[in-house]
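Chemist: What follows is data-v5.txt, made up of compact mmCIF, C-alpha atoms:
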# COMPACT_ATOMS: atom_id res chain seq x y z
CA MET A 1 0.00 0.00 0.00
CA ALA A 2 1.45 3.38 -1.06
CA PRO A 3 1.72 6.18 1.52
CA THR A 4 -0.73 9.06 1.15
CA MET A 5 0.77 12.04 -0.66
CA ARG A 6 0.58 15.25 1.36
CA ARG A 7 0.03 18.47 -0.51
CA THR A 8 2.56 21.25 -0.07
CA ALA A 9 1.65 24.73 1.17
CA ARG A 10 2.17 26.03 -2.37
CA GLU A 11 -0.20 23.41 -3.82
CA VAL A 12 -2.87 24.28 -1.25
CA LEU A 13 -2.59 28.03 -1.97
CA ASN A 14 -2.67 27.47 -5.73
CA GLY A 15 -5.69 25.19 -5.29
CA LEU A 16 -7.52 27.91 -3.39
CA ARG A 17 -6.63 30.42 -6.07
CA TRP A 18 -7.40 28.39 -9.20
CA ARG A 19 -9.41 25.25 -8.42
CA GLU A 20 -11.78 26.70 -5.86
CA PRO A 21 -13.92 29.71 -6.79
CA ASN A 22 -11.00 32.00 -5.85
CA ARG A 23 -11.12 31.28 -2.12
CA LEU A 24 -7.53 32.43 -1.58
CA SER A 25 -8.80 35.76 -0.22
CA GLU A 26 -10.65 33.85 2.55
CA ALA A 27 -7.55 31.94 3.71
CA ALA A 28 -5.54 32.59 6.87
CA ILE A 29 -1.85 31.67 6.61
CA PHE A 30 0.15 31.13 9.80
CA TYR A 31 3.74 32.02 8.94
CA ARG A 32 6.73 31.32 11.23
CA ASP A 33 8.31 34.57 12.45
CA ARG A 34 10.95 34.47 15.22
CA THR A 35 10.74 38.23 15.74
CA ARG A 36 7.19 38.03 17.11
CA PRO A 37 6.51 36.95 20.71
CA GLU A 38 3.89 34.40 19.58
CA GLY A 39 6.37 32.93 17.07
CA PHE A 40 4.21 33.41 13.99
CA GLN A 41 2.60 36.06 11.81
CA LEU A 42 -0.96 35.77 10.50
CA ILE A 43 -1.23 36.65 6.82
CA ARG A 44 -4.59 36.97 5.07
CA GLY A 45 -4.90 35.40 1.64
CA SER A 46 -6.23 38.73 0.37
CA GLU A 47 -2.79 40.25 1.12
CA ILE A 48 -0.99 37.84 -1.24
CA GLN A 49 -0.20 39.48 -4.56
CA GLU A 50 1.61 36.63 -6.32
CA LEU A 51 2.28 32.92 -5.86
CA GLY A 52 5.73 32.22 -7.24
CA ARG A 53 7.69 29.02 -7.55
CA ARG A 54 9.54 29.17 -4.21
CA TYR A 55 8.07 32.31 -2.64
CA PHE A 56 4.80 34.15 -2.35
CA ILE A 57 4.70 37.92 -2.45
CA LYS A 58 2.99 40.17 0.10
CA GLY A 59 3.54 43.84 -0.63
CA THR A 60 7.24 44.26 -1.30
CA ILE A 61 8.26 41.14 0.66
CA ARG A 62 9.05 37.69 -0.77
CA LEU A 63 8.20 34.98 1.77
CA PRO A 64 9.32 31.34 1.32
CA TYR A 65 6.64 28.62 1.44
CA TYR A 66 8.69 26.45 3.83
CA LYS A 67 7.94 28.86 6.69
CA ILE A 68 4.18 28.31 6.44
CA ASP A 69 3.00 26.24 9.41
CA LYS A 70 -0.74 26.20 8.80
CA ILE A 71 -3.37 27.28 6.26
CA VAL A 72 -7.00 27.63 7.37
CA CYS A 73 -9.97 28.49 5.15
CA ALA A 74 -13.60 28.74 6.30
CA GLY A 75 -12.70 27.13 9.63
CA GLU A 76 -11.08 24.09 7.98
CA THR A 77 -7.36 23.37 8.32
CA LEU A 78 -6.12 22.63 4.79
CA PHE A 79 -2.39 22.42 5.56
CA GLU A 80 -0.41 21.88 8.74
CA ARG A 81 3.22 20.98 9.34
As structure tokens - that is how I would like this structure written.

Modeler:
Amino acid sequence: MAPTMRRTAREVLNGLRWREPNRLSEAAIFYRDRTRPEGFQLIRGSEIQELGRRYFIKGTIRLPYYKIDKIVCAGETLFER
């Protein structure tokens, strides 16, 4: 029996953008950030301007996908490390 393939954070975000009826704007992305006391930054999907190959772009900042810990949309956890 083959192990279940887990989707990457990038695949989940692209799915919300293209496969769903553009639900990316509804998503909440929990992004690891050592500079914050809680250890993460909450980014709204509506703040994402571009989904690149290795990074997504929020404003003038390129953020790598590997720092995403969790993606939640409509109360459902779609991705979690």

Chemist: Using all atoms listed in the file, pick whichever of A:Leu78, A:Val72, A:Ile57, A:Val12 has the shortest atom-to-atom distance to Ala27 (chain A).

Modeler: A:Val72

Chemist: How big is the axis-aligned box around the listed atoms of region 43-55 of chain A once 6 Å is added on each side, and where is its centre? Give both in Å to one decimal, as JSON.

Modeler:
{"center_x": 1.7, "center_y": 34.6, "center_z": -0.4, "size_x": 27.8, "size_y": 23.2, "size_z": 26.4}

Chemist: Taking all atoms listed in the file into account, name the residue in A:Trp18, A:Ile68, A:Ala28, A:Arg7 that is nearest to Tyr55 (chain A).

Modeler: A:Ile68

Chemist: Between CA of Arg19 (chain A) and CA of Ile48 (chain A), measure the distance and give it in Å to one decimal.

Modeler: 16.8 Å

Chemist: Interatomic distance between CA of Leu42 (chain A) and CA of Leu63 (chain A)?

Modeler: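 If I compute the distance from CA of Leu42 (chain A) to CA of Leu63 (chain A), I get 12.7 Å.
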
Chemist: Give the answer as one residue: which of A:Arg23, A:Lys67, A:Arg62, A:Arg10 has the shortest atom-to-atom distance to Arg44 (chain A), using only C-alpha atoms?

Modeler: A:Arg23
